[in-house]
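Heads up, query35.txt below (compact mmCIF, N, CA and C atoms):
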```
# COMPACT_ATOMS: atom_id res chain seq x y z
N MET A 1 82.66 101.74 102.51
CA MET A 1 81.36 101.95 101.88
C MET A 1 80.24 101.88 102.93
N ALA A 2 79.28 102.75 102.79
CA ALA A 2 78.16 102.78 103.73
C ALA A 2 77.27 101.55 103.51
N LEU A 3 76.64 101.12 104.58
CA LEU A 3 75.74 99.97 104.52
C LEU A 3 74.52 100.30 103.65
N TYR A 4 74.03 101.54 103.76
CA TYR A 4 72.84 101.95 103.02
C TYR A 4 73.17 103.08 102.05
N SER A 5 72.55 103.04 100.88
CA SER A 5 72.76 104.09 99.89
C SER A 5 72.10 105.39 100.36
N ASP A 6 72.48 106.49 99.72
CA ASP A 6 71.87 107.78 100.03
C ASP A 6 70.36 107.75 99.76
N LYS A 7 69.97 107.02 98.72
CA LYS A 7 68.53 106.94 98.39
C LYS A 7 67.77 106.20 99.48
N VAL A 8 68.34 105.11 100.00
CA VAL A 8 67.68 104.38 101.09
C VAL A 8 67.52 105.33 102.29
N MET A 9 68.58 106.03 102.63
CA MET A 9 68.53 106.94 103.77
C MET A 9 67.51 108.06 103.54
N ASP A 10 67.45 108.58 102.32
CA ASP A 10 66.50 109.65 102.00
C ASP A 10 65.06 109.16 102.15
N HIS A 11 64.76 107.97 101.60
CA HIS A 11 63.40 107.44 101.68
C HIS A 11 63.05 106.99 103.10
N PHE A 12 64.05 106.68 103.90
CA PHE A 12 63.81 106.33 105.30
C PHE A 12 63.52 107.60 106.10
N ARG A 13 64.35 108.62 105.90
CA ARG A 13 64.20 109.87 106.67
C ARG A 13 63.03 110.72 106.18
N ASN A 14 62.74 110.66 104.88
CA ASN A 14 61.68 111.47 104.28
C ASN A 14 60.77 110.58 103.43
N PRO A 15 60.10 109.64 104.05
CA PRO A 15 59.27 108.71 103.25
C PRO A 15 58.15 109.44 102.51
N ARG A 16 57.93 108.99 101.27
CA ARG A 16 56.87 109.54 100.44
C ARG A 16 55.61 108.70 100.62
N ASN A 17 54.47 109.34 100.49
CA ASN A 17 53.18 108.64 100.44
C ASN A 17 52.82 107.87 101.72
N VAL A 18 53.18 108.42 102.87
CA VAL A 18 52.83 107.78 104.14
C VAL A 18 51.39 108.11 104.48
N GLY A 19 50.67 107.14 105.01
CA GLY A 19 49.32 107.40 105.49
C GLY A 19 48.33 106.38 104.97
N THR A 20 47.06 106.77 105.02
CA THR A 20 45.98 105.89 104.59
C THR A 20 45.15 106.64 103.55
N ILE A 21 44.29 105.89 102.86
CA ILE A 21 43.38 106.48 101.88
C ILE A 21 41.96 106.13 102.33
N GLU A 22 41.13 107.16 102.43
CA GLU A 22 39.72 106.93 102.74
C GLU A 22 39.08 106.18 101.58
N ASP A 23 38.33 105.15 101.89
CA ASP A 23 37.60 104.42 100.85
C ASP A 23 38.53 103.98 99.71
N PRO A 24 39.58 103.20 100.01
CA PRO A 24 40.53 102.81 98.97
C PRO A 24 39.94 101.82 97.96
N SER A 25 40.54 101.80 96.76
CA SER A 25 40.14 100.85 95.73
C SER A 25 40.67 99.46 96.06
N GLY A 26 41.81 99.42 96.76
CA GLY A 26 42.41 98.15 97.15
C GLY A 26 43.37 98.36 98.31
N VAL A 27 43.45 97.34 99.17
CA VAL A 27 44.37 97.38 100.32
C VAL A 27 45.11 96.05 100.38
N GLY A 28 46.40 96.12 100.59
CA GLY A 28 47.19 94.90 100.74
C GLY A 28 48.04 94.99 102.00
N GLU A 29 47.98 93.95 102.81
CA GLU A 29 48.79 93.92 104.01
C GLU A 29 49.58 92.62 104.04
N VAL A 30 50.88 92.76 104.25
CA VAL A 30 51.75 91.58 104.35
C VAL A 30 52.69 91.79 105.53
N GLY A 31 53.21 90.67 106.00
CA GLY A 31 54.15 90.75 107.11
C GLY A 31 55.18 89.65 107.02
N ASN A 32 56.29 89.89 107.69
CA ASN A 32 57.34 88.89 107.78
C ASN A 32 57.54 88.60 109.26
N THR A 33 57.09 87.42 109.68
CA THR A 33 57.15 87.09 111.11
C THR A 33 58.58 86.97 111.61
N ALA A 34 59.51 86.62 110.72
CA ALA A 34 60.91 86.46 111.13
C ALA A 34 61.51 87.78 111.61
N CYS A 35 61.20 88.87 110.90
CA CYS A 35 61.79 90.17 111.27
C CYS A 35 60.79 91.11 111.92
N GLY A 36 59.51 90.79 111.82
CA GLY A 36 58.49 91.63 112.45
C GLY A 36 58.00 92.79 111.60
N ASP A 37 58.48 92.89 110.36
CA ASP A 37 58.04 93.99 109.49
C ASP A 37 56.60 93.74 109.02
N ILE A 38 55.81 94.80 109.02
CA ILE A 38 54.44 94.73 108.51
C ILE A 38 54.23 95.91 107.58
N MET A 39 53.71 95.64 106.37
CA MET A 39 53.43 96.69 105.40
C MET A 39 51.98 96.65 104.99
N LYS A 40 51.40 97.84 104.89
CA LYS A 40 50.03 97.96 104.41
C LYS A 40 50.03 99.02 103.32
N ILE A 41 49.52 98.65 102.15
CA ILE A 41 49.47 99.54 100.99
C ILE A 41 48.00 99.83 100.65
N TYR A 42 47.71 101.10 100.41
CA TYR A 42 46.37 101.55 100.03
C TYR A 42 46.44 102.12 98.61
N LEU A 43 45.49 101.72 97.76
CA LEU A 43 45.46 102.21 96.39
C LEU A 43 44.15 102.94 96.09
N LYS A 44 44.25 104.01 95.32
CA LYS A 44 43.08 104.71 94.77
C LYS A 44 43.26 104.62 93.26
N ILE A 45 42.37 103.86 92.61
CA ILE A 45 42.48 103.58 91.19
C ILE A 45 41.27 104.16 90.47
N ASN A 46 41.51 104.89 89.38
CA ASN A 46 40.40 105.51 88.65
C ASN A 46 39.78 104.55 87.63
N ASP A 47 38.78 105.04 86.89
CA ASP A 47 38.04 104.20 85.94
C ASP A 47 38.91 103.71 84.78
N GLU A 48 39.99 104.43 84.51
CA GLU A 48 40.91 104.00 83.44
C GLU A 48 41.97 103.03 83.98
N GLU A 49 41.81 102.62 85.22
CA GLU A 49 42.74 101.71 85.91
C GLU A 49 44.12 102.32 86.08
N ILE A 50 44.15 103.63 86.31
CA ILE A 50 45.40 104.33 86.63
C ILE A 50 45.43 104.52 88.14
N ILE A 51 46.58 104.26 88.73
CA ILE A 51 46.74 104.43 90.18
C ILE A 51 46.92 105.93 90.44
N GLU A 52 45.84 106.56 90.88
CA GLU A 52 45.83 108.00 91.14
C GLU A 52 46.57 108.33 92.43
N ASP A 53 46.41 107.46 93.42
CA ASP A 53 47.06 107.72 94.70
C ASP A 53 47.44 106.39 95.34
N VAL A 54 48.48 106.44 96.10
CA VAL A 54 48.94 105.25 96.82
C VAL A 54 49.57 105.72 98.13
N LYS A 55 49.21 105.05 99.21
CA LYS A 55 49.75 105.39 100.53
C LYS A 55 50.20 104.10 101.20
N PHE A 56 51.06 104.25 102.19
CA PHE A 56 51.49 103.07 102.92
C PHE A 56 51.64 103.36 104.41
N GLU A 57 51.49 102.28 105.18
CA GLU A 57 51.82 102.28 106.60
C GLU A 57 52.75 101.09 106.79
N THR A 58 53.93 101.35 107.29
CA THR A 58 54.89 100.28 107.51
C THR A 58 55.41 100.33 108.93
N PHE A 59 55.35 99.18 109.57
CA PHE A 59 55.96 99.01 110.88
C PHE A 59 57.17 98.13 110.64
N GLY A 60 58.34 98.72 110.75
CA GLY A 60 59.53 97.91 110.47
C GLY A 60 60.79 98.74 110.48
N CYS A 61 61.83 98.14 109.96
CA CYS A 61 63.16 98.76 109.95
C CYS A 61 63.25 99.83 108.86
N GLY A 62 64.36 100.53 108.84
CA GLY A 62 64.59 101.57 107.84
C GLY A 62 64.48 101.07 106.42
N SER A 63 64.99 99.86 106.16
CA SER A 63 64.92 99.30 104.81
C SER A 63 63.48 99.01 104.40
N ALA A 64 62.67 98.59 105.35
CA ALA A 64 61.25 98.31 105.06
C ALA A 64 60.52 99.60 104.73
N ILE A 65 60.80 100.66 105.48
CA ILE A 65 60.17 101.95 105.24
C ILE A 65 60.63 102.52 103.89
N ALA A 66 61.93 102.46 103.63
CA ALA A 66 62.47 102.95 102.36
C ALA A 66 61.90 102.16 101.18
N SER A 67 61.79 100.84 101.33
CA SER A 67 61.24 100.00 100.25
C SER A 67 59.78 100.34 99.99
N SER A 68 59.01 100.55 101.04
CA SER A 68 57.59 100.93 100.88
C SER A 68 57.49 102.27 100.16
N SER A 69 58.27 103.23 100.61
CA SER A 69 58.26 104.57 100.03
C SER A 69 58.60 104.52 98.54
N MET A 70 59.69 103.84 98.19
CA MET A 70 60.12 103.76 96.80
C MET A 70 59.10 103.00 95.95
N ALA A 71 58.56 101.91 96.47
CA ALA A 71 57.59 101.12 95.71
C ALA A 71 56.35 101.96 95.37
N THR A 72 55.89 102.78 96.33
CA THR A 72 54.73 103.62 96.05
C THR A 72 55.06 104.65 94.98
N GLU A 73 56.28 105.20 95.03
CA GLU A 73 56.70 106.16 94.01
C GLU A 73 56.73 105.51 92.62
N LEU A 74 57.15 104.25 92.57
CA LEU A 74 57.30 103.56 91.29
C LEU A 74 55.96 103.23 90.63
N ILE A 75 54.89 103.07 91.40
CA ILE A 75 53.60 102.70 90.80
C ILE A 75 52.62 103.86 90.69
N LYS A 76 52.88 104.96 91.36
CA LYS A 76 51.95 106.11 91.32
C LYS A 76 51.86 106.64 89.90
N GLY A 77 50.61 106.79 89.41
CA GLY A 77 50.39 107.29 88.06
C GLY A 77 50.47 106.22 86.98
N LYS A 78 50.77 105.00 87.38
CA LYS A 78 50.90 103.90 86.42
C LYS A 78 49.57 103.15 86.27
N HIS A 79 49.46 102.44 85.15
CA HIS A 79 48.30 101.58 84.91
C HIS A 79 48.42 100.33 85.80
N VAL A 80 47.29 99.78 86.17
CA VAL A 80 47.28 98.58 87.03
C VAL A 80 48.15 97.47 86.45
N SER A 81 48.08 97.27 85.12
CA SER A 81 48.87 96.20 84.50
C SER A 81 50.37 96.44 84.67
N GLU A 82 50.79 97.71 84.61
CA GLU A 82 52.21 98.05 84.82
C GLU A 82 52.61 97.80 86.27
N ALA A 83 51.74 98.20 87.18
CA ALA A 83 52.02 98.04 88.61
C ALA A 83 52.15 96.56 88.98
N MET A 84 51.36 95.71 88.31
CA MET A 84 51.42 94.26 88.57
C MET A 84 52.80 93.69 88.27
N GLU A 85 53.54 94.36 87.39
CA GLU A 85 54.85 93.87 86.97
C GLU A 85 55.99 94.34 87.86
N LEU A 86 55.68 95.17 88.85
CA LEU A 86 56.74 95.67 89.75
C LEU A 86 57.38 94.49 90.48
N THR A 87 58.71 94.47 90.47
CA THR A 87 59.43 93.40 91.17
C THR A 87 60.24 93.97 92.32
N ASN A 88 60.59 93.09 93.24
CA ASN A 88 61.43 93.54 94.35
C ASN A 88 62.79 94.01 93.84
N LYS A 89 63.27 93.41 92.76
CA LYS A 89 64.55 93.84 92.18
C LYS A 89 64.47 95.28 91.71
N ALA A 90 63.35 95.64 91.08
CA ALA A 90 63.16 97.02 90.60
C ALA A 90 63.15 97.99 91.78
N VAL A 91 62.52 97.59 92.88
CA VAL A 91 62.48 98.43 94.08
C VAL A 91 63.90 98.61 94.64
N ALA A 92 64.62 97.50 94.77
CA ALA A 92 65.99 97.56 95.30
C ALA A 92 66.90 98.38 94.40
N GLU A 93 66.77 98.19 93.08
CA GLU A 93 67.60 98.95 92.13
C GLU A 93 67.30 100.44 92.20
N ALA A 94 66.01 100.79 92.35
CA ALA A 94 65.62 102.19 92.44
C ALA A 94 66.19 102.84 93.70
N LEU A 95 66.45 102.02 94.72
CA LEU A 95 67.05 102.50 95.97
C LEU A 95 68.58 102.45 95.91
N ASP A 96 69.13 102.16 94.74
CA ASP A 96 70.58 101.97 94.57
C ASP A 96 71.11 100.82 95.43
N GLY A 97 70.28 99.80 95.57
CA GLY A 97 70.69 98.57 96.26
C GLY A 97 70.33 98.53 97.73
N LEU A 98 70.16 97.31 98.21
CA LEU A 98 69.92 97.03 99.63
C LEU A 98 70.93 95.97 100.06
N PRO A 99 71.34 96.00 101.33
CA PRO A 99 72.21 94.92 101.81
C PRO A 99 71.49 93.57 101.64
N ALA A 100 72.24 92.52 101.39
CA ALA A 100 71.66 91.20 101.13
C ALA A 100 70.67 90.78 102.21
N HIS A 101 71.01 91.04 103.47
CA HIS A 101 70.12 90.62 104.57
C HIS A 101 68.89 91.52 104.71
N LYS A 102 68.78 92.53 103.84
CA LYS A 102 67.60 93.40 103.87
C LYS A 102 66.77 93.31 102.58
N MET A 103 67.17 92.43 101.67
CA MET A 103 66.42 92.28 100.41
C MET A 103 64.98 91.84 100.65
N HIS A 104 64.73 91.14 101.76
CA HIS A 104 63.36 90.71 102.05
C HIS A 104 62.41 91.91 102.20
N CYS A 105 62.95 93.08 102.52
CA CYS A 105 62.11 94.28 102.64
C CYS A 105 61.54 94.68 101.28
N SER A 106 62.36 94.57 100.24
CA SER A 106 61.87 94.89 98.89
C SER A 106 60.87 93.82 98.43
N VAL A 107 61.05 92.58 98.87
CA VAL A 107 60.10 91.51 98.56
C VAL A 107 58.76 91.81 99.22
N LEU A 108 58.79 92.27 100.47
CA LEU A 108 57.56 92.64 101.17
C LEU A 108 56.83 93.76 100.43
N ALA A 109 57.57 94.75 99.95
CA ALA A 109 56.95 95.86 99.21
C ALA A 109 56.25 95.34 97.96
N GLU A 110 56.93 94.47 97.23
CA GLU A 110 56.32 93.87 96.03
C GLU A 110 55.06 93.09 96.41
N GLU A 111 55.14 92.28 97.46
CA GLU A 111 54.00 91.46 97.88
C GLU A 111 52.83 92.31 98.36
N ALA A 112 53.11 93.41 99.06
CA ALA A 112 52.05 94.29 99.56
C ALA A 112 51.31 94.95 98.39
N ILE A 113 52.06 95.38 97.39
CA ILE A 113 51.44 95.99 96.21
C ILE A 113 50.61 94.96 95.44
N GLN A 114 51.17 93.76 95.28
CA GLN A 114 50.42 92.69 94.60
C GLN A 114 49.12 92.39 95.36
N ALA A 115 49.21 92.33 96.69
CA ALA A 115 48.02 92.03 97.51
C ALA A 115 46.97 93.14 97.36
N ALA A 116 47.42 94.40 97.32
CA ALA A 116 46.48 95.52 97.15
C ALA A 116 45.83 95.47 95.77
N LEU A 117 46.60 95.12 94.75
CA LEU A 117 46.06 95.01 93.39
C LEU A 117 45.08 93.84 93.29
N GLU A 118 45.38 92.74 93.96
CA GLU A 118 44.46 91.59 93.97
C GLU A 118 43.16 91.97 94.68
N ASP A 119 43.28 92.72 95.78
CA ASP A 119 42.10 93.18 96.52
C ASP A 119 41.24 94.07 95.61
N TYR A 120 41.89 94.97 94.88
CA TYR A 120 41.18 95.84 93.94
C TYR A 120 40.44 95.01 92.90
N LYS A 121 41.13 94.01 92.31
CA LYS A 121 40.53 93.18 91.28
C LYS A 121 39.33 92.39 91.82
N SER A 122 39.46 91.88 93.04
CA SER A 122 38.35 91.09 93.61
C SER A 122 37.15 91.99 93.93
N LYS A 123 37.38 93.22 94.37
CA LYS A 123 36.29 94.17 94.63
C LYS A 123 35.60 94.55 93.32
N LYS A 124 36.41 94.73 92.28
CA LYS A 124 35.89 95.15 90.98
C LYS A 124 35.03 94.04 90.36
N ALA A 125 35.40 92.80 90.62
CA ALA A 125 34.71 91.65 90.03
C ALA A 125 33.32 91.43 90.66
N GLN A 126 33.10 92.01 91.83
CA GLN A 126 31.83 91.79 92.54
C GLN A 126 30.67 92.53 91.89
```
Take the structure in the file and write it out as structure tokens.
Amino acid sequence: MALYSDKVMDHFRNPRNVGTIEDPSGVGEVGNTACGDIMKIYLKINDEEIIEDVKFETFGCGSAIASSSMATELIKGKHVSEAMELTNKAVAEALDGLPAHKMHCSVLAEEAIQAALEDYKSKKAQ
């Protein structure tokens, strides 16, 4: 059996939603000092609190890039409240699984999205 699923390889080789967003509604950046992975998520949220666009920049391994790509796909077009419920398990399952020693990559994706949503909420509250 291969270490990585076809979906992980696809999202690593052809990541979706890479880049930045000018004037984002929210930005979340998280890192894991143990492995050196850094993820930055940018959100563009409309007045109905729908995530119109989401982009990411990830410095890290293939699993980190695949997790970022899949996580952005899972929340694009969703309401903020739905996106808040995204879990690392959902990201890993959508990728048809990650090796145990790479599950922290899906956790980073969840944390980066949560951080971007928190940033959005704090900007909105001002």
### Message
DSSP on the backbone: which residues in region 7-124 of chain A end up as alpha helix (DSSP H)? Give the answer as a VMD selection string.
### Response
chain A and resid 7 to 13 62 to 75 80 to 84 88 to 94 103 to 124
### Message
Just want the 7 Å neighbourhood of Asp96 (chain A), counted on only N, CA and C atoms, with same-chain residues fewer than 2 positions away dropped. Output as a ChimeraX atom specification.
### Response
/A:5,7-8,91-94,98
### Task
Give the answer as one residue: which of A:Ala66, A:Leu117, A:Ile51, A:Val27 has the shortest atom-to-atom distance to Arg13 (chain A), using all atoms listed in the file?
A:Ala66
#### Entry: Atomic separation - CA of Tyr42 (chain A) relative to CA of Tyr4 (chain A), Å
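Atom-to-atom, CA of Tyr4 (chain A) to CA of Tyr42 (chain A), that is 26.6 Å.
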#### Entry: Long-range neighbours of Leu43 (chain A) as a ChimeraX atom specification, 7 Å cut-off, all atoms listed in the file, 5 positions minimum in chain
/A:21,23-28,51-55,116
Output, as lines of an AutoDock Vina configuration file, the centre and edge lengths in Å (one decimal) of the axis-aligned box that contains all listed atoms of region 107-124 of chain A with 4 Å of margin on each side.
```
center_x = 48.0
center_y = 93.5
center_z = 95.8
size_x = 34.0
size_y = 12.9
size_z = 18.8
```
### Message
Here is a test: counting only C-alpha atoms, which residue of A:Gly31, A:Leu3, A:Arg16, A:Met84 is nearest to Ala100 (chain A)?
### Response
A:Leu3
### Contact residues around Glu57 (chain A) with all atoms listed in the file at 8 Å, ignoring same-chain residues under 3 positions, as a PyMOL selection string
chain A and resi 17-20+38-42+60+65+68
Write out the residues from the selection above, keeping N, CA and C atoms, as a PDB file, in the frame of the given file.
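Produced file out_3.pdb, reproduced below:
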```pdb
ATOM      1  N   ASN A  17      54.470 109.340 100.490  1.00  0.00           N
ATOM      2  CA  ASN A  17      53.180 108.640 100.440  1.00  0.00           C
ATOM      3  C   ASN A  17      52.820 107.870 101.720  1.00  0.00           C
ATOM      4  N   VAL A  18      53.180 108.420 102.870  1.00  0.00           N
ATOM      5  CA  VAL A  18      52.830 107.780 104.140  1.00  0.00           C
ATOM      6  C   VAL A  18      51.390 108.110 104.480  1.00  0.00           C
ATOM      7  N   GLY A  19      50.670 107.140 105.010  1.00  0.00           N
ATOM      8  CA  GLY A  19      49.320 107.400 105.490  1.00  0.00           C
ATOM      9  C   GLY A  19      48.330 106.380 104.970  1.00  0.00           C
ATOM     10  N   THR A  20      47.060 106.770 105.020  1.00  0.00           N
ATOM     11  CA  THR A  20      45.980 105.890 104.590  1.00  0.00           C
ATOM     12  C   THR A  20      45.150 106.640 103.550  1.00  0.00           C
ATOM     13  N   ILE A  38      55.810  94.800 109.020  1.00  0.00           N
ATOM     14  CA  ILE A  38      54.440  94.730 108.510  1.00  0.00           C
ATOM     15  C   ILE A  38      54.230  95.910 107.580  1.00  0.00           C
ATOM     16  N   MET A  39      53.710  95.640 106.370  1.00  0.00           N
ATOM     17  CA  MET A  39      53.430  96.690 105.400  1.00  0.00           C
ATOM     18  C   MET A  39      51.980  96.650 104.990  1.00  0.00           C
ATOM     19  N   LYS A  40      51.400  97.840 104.890  1.00  0.00           N
ATOM     20  CA  LYS A  40      50.030  97.960 104.410  1.00  0.00           C
ATOM     21  C   LYS A  40      50.030  99.020 103.320  1.00  0.00           C
ATOM     22  N   ILE A  41      49.520  98.650 102.150  1.00  0.00           N
ATOM     23  CA  ILE A  41      49.470  99.540 100.990  1.00  0.00           C
ATOM     24  C   ILE A  41      48.000  99.830 100.650  1.00  0.00           C
ATOM     25  N   TYR A  42      47.710 101.100 100.410  1.00  0.00           N
ATOM     26  CA  TYR A  42      46.370 101.550 100.030  1.00  0.00           C
ATOM     27  C   TYR A  42      46.440 102.120  98.610  1.00  0.00           C
ATOM     28  N   GLY A  60      58.340  98.720 110.750  1.00  0.00           N
ATOM     29  CA  GLY A  60      59.530  97.910 110.470  1.00  0.00           C
ATOM     30  C   GLY A  60      60.790  98.740 110.480  1.00  0.00           C
ATOM     31  N   ILE A  65      60.800 100.660 105.480  1.00  0.00           N
ATOM     32  CA  ILE A  65      60.170 101.950 105.240  1.00  0.00           C
ATOM     33  C   ILE A  65      60.630 102.520 103.890  1.00  0.00           C
ATOM     34  N   SER A  68      59.010 100.550 101.040  1.00  0.00           N
ATOM     35  CA  SER A  68      57.590 100.930 100.880  1.00  0.00           C
ATOM     36  C   SER A  68      57.490 102.270 100.160  1.00  0.00           C
TER      37      SER A  68
END
```
### Which residue of A:Ile45, A:Ala125, A:Ala90, A:Leu108 approaches Ala64 (chain A) most closely, using all atoms listed in the file
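Checking each candidate against Ala64 (chain A), we get A:Leu108 as the closest.
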### Message
Considering only N, CA and C atoms, can you say which of A:Ala34, A:Ser122, A:Ala2, A:Phe56 comes closest to Thr72 (chain A)?
### Response
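Nearest candidate to Thr72 (chain A) out of A:Ala34, A:Ser122, A:Ala2, A:Phe56: A:Phe56.
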### Task
List every residue of chain A that DSSP, applied to the backbone of this structure, assigns to strand (DSSP E or B), and report them as a ChimeraX atom specification.
/A:18,26-32,37-45,50-59,79
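We find CA of Thr87 (chain A) and CA of Gln114 (chain A) to be spaced 9.7 Å apart.
Across A:Glu22, A:Glu82, A:Leu95, A:Phe59, the tightest approach to Asp6 (chain A) is made by A:Leu95 when counting all atoms listed in the file.
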### Message
Quick check, in Å to one decimal: how far apart do CA of His101 (chain A) and CA of Ala83 (chain A) lie?
### Response
25.2 Å
#### Entry: Shell of 10 Å around Lys102 (chain A), only C-alpha atoms, local chain residues under 2 positions omitted, as a PyMOL selection string
chain A and resi 35+61-64+67+92+97-100+104-107
